[in-house]
Every structure is written in structure tokens, then in C-alpha cells.
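**Student:** Pasting in a structure now, in C-alpha cells, and then I'll have a few things to ask.
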Amino acid sequence: MAVRTLAQAITDALDIALGQDDRVLLMGEDVGKTGGVFRLSSGLYEKYGPERVIDAPVAESGIIGTAFGMAVAGMRPVTEIQFMGFSYPAYDQIVSHVGRIRNRSRHRFTAPMVIRMPFGGGIGAAEHHSESTESIYAHTPGVKVVVPSTPYDAKGMLLEAIEDPDPVIFLEPIRLYRSVKEEIPDGPYRVPLGLARVLASGDDVSIITYGAMTATARKALAVLSQEGVSAELIDLRSIVPLDLDTILESVQKTGRAVVVHEAHRTAGFGAEVVAQIQEHALFSLLAPVQRVTGWDTIVPLKLAEHHYVPTANRIVAAVGKTLED
């Protein structure tokens with residue numbers, strides 16, 4: 001066991017996958033000699049060579065299209081898009097081909113590939129570098145969309161994603177890369193995709209979130225605890241498929257829910273979670289479900305970013321609103 005950051009856990013998973021299976025390769029802009037924009041592939045180019053760790057041209061559509069062809073031909077490519085805000089040129093490949101090949105070929109072909117994307121704000125980056133547009137991909141049939149928030153989950157979920165027979169979009173919370181660390185196993189292990197995790201048990205309200213917002217929600221829980229509020233915290237870990245059973249079990253116990261994400265509010269993934277709760281647990285609710293989200297605007301640059309990203313105080317206020325009713 002060793003203490004690893006979330007970034008180190010991802011590097012560890014990539015190293016294990018490349019070492020275990022010759023079909024696995026890593027491809028993206030600067031992933032080779034430079035080690036990736038966040039240095040998550042550092043040392044892998046030297047260890048596995050340019051045919052397994054491939055520096056790609058600055059052409060996201062070309063990266064995903066090439067990886068798609070490799071996956072259909074039997075390889076297991078792991079691609080890196082430098083920031084989620086740069087993924088849109090590849091959206092056509094994802095929605096038109098990657099997500100459709102199983103259905104289009106009537107199960108004769110699949111695309112076992114992973115599309116890694118750093119996402120979210122909190123580091124004061126430039127435009128297009130802090131976006132959380134996961135609902136676009138959650139709305140795309142044929143792809144899984146998963147989001148680890150701890151080093152343990154990041155390593156286990158990435159190894160599981162690489163082995164998945166279908167395409168997986170693996171979202172990596174940028175500001176958690178080096179701000180969270182924990183002890184994780186040295187060797188390979190798997191964390192199943194599609195299962196949420198209850199991070200804290202409580203009786204008064206369910207806080208449902210994912211990605212970097214889990215760290216913010218933990219801060220809110222500390223405040224709520226001092227105020228005598230017992231909150232249950234759920235890290236979804238996967239938004240497609242969604243672990244509805246864990247959500248409903250919690251809401252049916254507490255009777256109140258707050259859904260938290262930093263993506264834009266309108267048509268954000270939180271709206272889907274709220275709709276599912278309304279559809280399946282309406283008569284368990286003691287108060288309307290609240291959402292704490294980013295705003296319906298372009299993510300601001302550094303000086304104003306703190307006005308956009310949800311805070312622990314906003315979560316505490318939303319919980320208070322559910323308790324008023």
C-alpha cells in the first residue's frame with residue numbers, strides 16, 4: 001500500500017494496463033515525451049515506446065476517430081483529451097460512430113476504448129479549460145460516463161473502464177488531481193462501473209453529487225454536523241449508468257435531497273437526478289428537491305471563478321431550505 005494522489009493513481013493504472021495487455025495503447029496530444037498536459041503519463045513513453053504511447057496531432061476528431069478504428073479492430077486504446085472544453089471537435093465521432101457501433105452492427109462489433117477528459121473548474125484556468133458539460137455525453141446513447149473522486153476509485157475504475165467491452169468517457173476532476181491523496185493498493189484491482197458510494201451516512205437529508213463537488217460537500221457536512229443536521233453524502237461515481245437504487249434508498253430514508261454539481265444549471269445532470277427522484281420516490285419526499293449548481297453562463301476566468309463554482313455555504317443553505325418545509 002502506498003499513499004497516492006488522484007493523479008498518481010491514474011498514472012499507476014495506465015502503467016499496469018500497458019504492462020498487462022499489449023492491445024492497450026495511450027494516445028493524445030503531448031502524452032508521450034512531455035508526459036501529458038498534467039504529466040499523468042510521465043515515464044510511460046520511455047517505458048513502452050512510441051508505438052504504445054503515441055503523441056497525436058492537435059486534432060481531437062482525428063484522435064477519437066483513429067482510436068475508434070483501432071478499438072473496432074481489436075485494440076484497447078486509451079485516449080486523452082487535454083481539457084473537456086476541447087472535446088467538441090470530437091463530438092461528431094463520439095455521437096455518430098463510437099456510441100453507435102454496437103447497435104449499428106447488431107452486436108457484431110464494439111468499441112472497447114476509453115476517452116479520458118480532465119474537467120471542471122477551481123484552478124483559475126483560461127476559457128475552455130474549466131468546463132463541466134458532462135450532460136452532453138450523458139445524453140449520448142452507447143457510451144458510459146464515469147467520474148472518480150478519490151485516488152482509490154480513480155485507479156480501480158480506470159482499470160475497469162479499459163477492460164469494458166464498450167466505450168467509456170472517463171472524467172477526471174482537475175482540482176482533485178493533486179489535492180486529495182489516500183493509501184491505495186500497489187497492484188491491480190477493480191472498482192465496478194455504475195455503482196454509487198455512500199461516503200457518509202445520515203438521517204435528515206441526502207446530498208447527491210459527483211466529481212470535485214464531493215470534496216465541497218464534505219466541507220458542508222462538517223458545518224451541518226455542528227448545526228445538528230445529519231446528512232447522508234452520496235458520490236454517484238457513474239452518471240451513465242446511474243445507480244438509481246442507492247439514490248432512492250437514501251431519499252426514502254431521509255425524505256429530503258439536495259443535488260450538487262458544478263455544471264450549468266439548465267439541463268445539467270442534476271435535473272435528471274431530480275426527475276428520477278420525483279418519478280420513483282415522490283411520496284417519500286418531505287420537501288422539494290433542491291439543486292446547487294454552476295450558473296447558466298460561460299465559466300468565468302480566474303478572478304470571478306469563485307462566483308461560479310458551488311461552495312459549501314451554498315450547499316448548507318440548500319439543505320436549510322429543505323428543512324424549512
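Order determines the names: the first chain of the C-alpha cells is A, the second B, and so forth; residues in each chain are numbered 1 upward, and ligands are numbered 1 upward as they are shown.
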List the spatial neighbours of A:Arg23 as a ChimeraX atom specification - criterion: any atom at most 12 Å away, only C-alpha atoms, same-chain residues fewer than 4 positions off excluded.
**Tutor:** /A:17-19,51-53,67,70-78,112-113,162-163
**Student:** Going by DSSP on the backbone, which residues of stretch 91-277 of chain A come out as alpha helix (DSSP H)? List them as a PyMOL selection string.
**Tutor:** chain A and resi 91-93+101-104+134-138+151-163+213-226+244-254+269-277
**Student:** Sort by chain and increasing residue number a table of all residues of stretch 155-253 of chain A within 8 Å of stretch 298-322 of chain A, each with its closest pair of atoms and their distance in Å to one decimal, counting only C-alpha atoms, and write it as a tab-separated table.
**Tutor:**
residue	atom	partner	partner_atom	distance
A:Val205	CA	A:Val319	CA	7.2
A:Met213	CA	A:Pro310	CA	7.9
A:Thr216	CA	A:Ala312	CA	5.5
A:Ala217	CA	A:Ala312	CA	6.1
A:Lys219	CA	A:Ala312	CA	5.9
A:Ala220	CA	A:Ala312	CA	4.6
A:Leu221	CA	A:Val316	CA	8.0
A:Val223	CA	A:Val316	CA	7.5
A:Leu224	CA	A:Val316	CA	6.7
**Student:** Name all residues at most 12 Å from A:Gln278 (count only C-alpha atoms; drop same-chain ones fewer than 5 positions away) and give them as a ChimeraX atom specification.
**Tutor:** /A:247-248,251-252,255-257,271-273,283-290
**Student:** Give me, as a tab-separated table, the closest atom pair and its distance (Å, one decimal) for every residue of stretch 88-140 of chain A within a cut-off of 12 Å of stretch 206-210 of chain A, counting only C-alpha atoms, rows sorted by chain and rising number.
**Tutor:**
residue	atom	partner	partner_atom	distance
A:Gly120	CA	A:Tyr210	CA	11.3
A:Ser132	CA	A:Tyr210	CA	11.6
A:Glu134	CA	A:Tyr210	CA	11.2
**Student:** Residues near A:Ala200, anyone? I mean within 8 Å using only C-alpha atoms, not counting same-chain ones fewer than 2 positions away, as JSON, numbers by chain.
**Tutor:** {"A": [198, 202, 231, 232, 233, 234]}
**Student:** For the selection you just gave me, I'd like the residues written to a file as a compact mmCIF listing (two decimals), in the first residue's frame, keeping N, CA and C atoms.
**Tutor:**
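Full text of part_24.txt as output:
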# COMPACT_ATOMS: atom_id res chain seq x y z
N VAL A 198 -21.85 5.49 -0.80
CA VAL A 198 -22.31 6.33 0.31
C VAL A 198 -21.09 6.71 1.14
N GLY A 202 -26.47 9.36 7.02
CA GLY A 202 -27.22 10.38 7.75
C GLY A 202 -28.70 10.12 7.65
N ALA A 231 -26.56 14.52 7.69
CA ALA A 231 -26.68 14.45 6.22
C ALA A 231 -26.01 13.19 5.68
N GLU A 232 -26.66 12.60 4.71
CA GLU A 232 -26.07 11.44 4.01
C GLU A 232 -25.44 11.95 2.72
N LEU A 233 -24.21 11.54 2.45
CA LEU A 233 -23.49 12.01 1.25
C LEU A 233 -23.29 10.85 0.29
N ILE A 234 -23.77 11.04 -0.92
CA ILE A 234 -23.65 10.01 -1.97
C ILE A 234 -22.78 10.53 -3.09
**Student:** Atom CA of A:Met157 and atom CA of A:Val31 are how many Å apart?
**Tutor:**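 Here the two named atoms are 20.3 Å from each other.
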**Student:** When distances are computed from only C-alpha atoms, which of A:Val259, A:Ala154, A:Ala212, A:Val145 shows the smallest separation from A:Ala9?
**Tutor:**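 Nearest to A:Ala9: A:Ala154.
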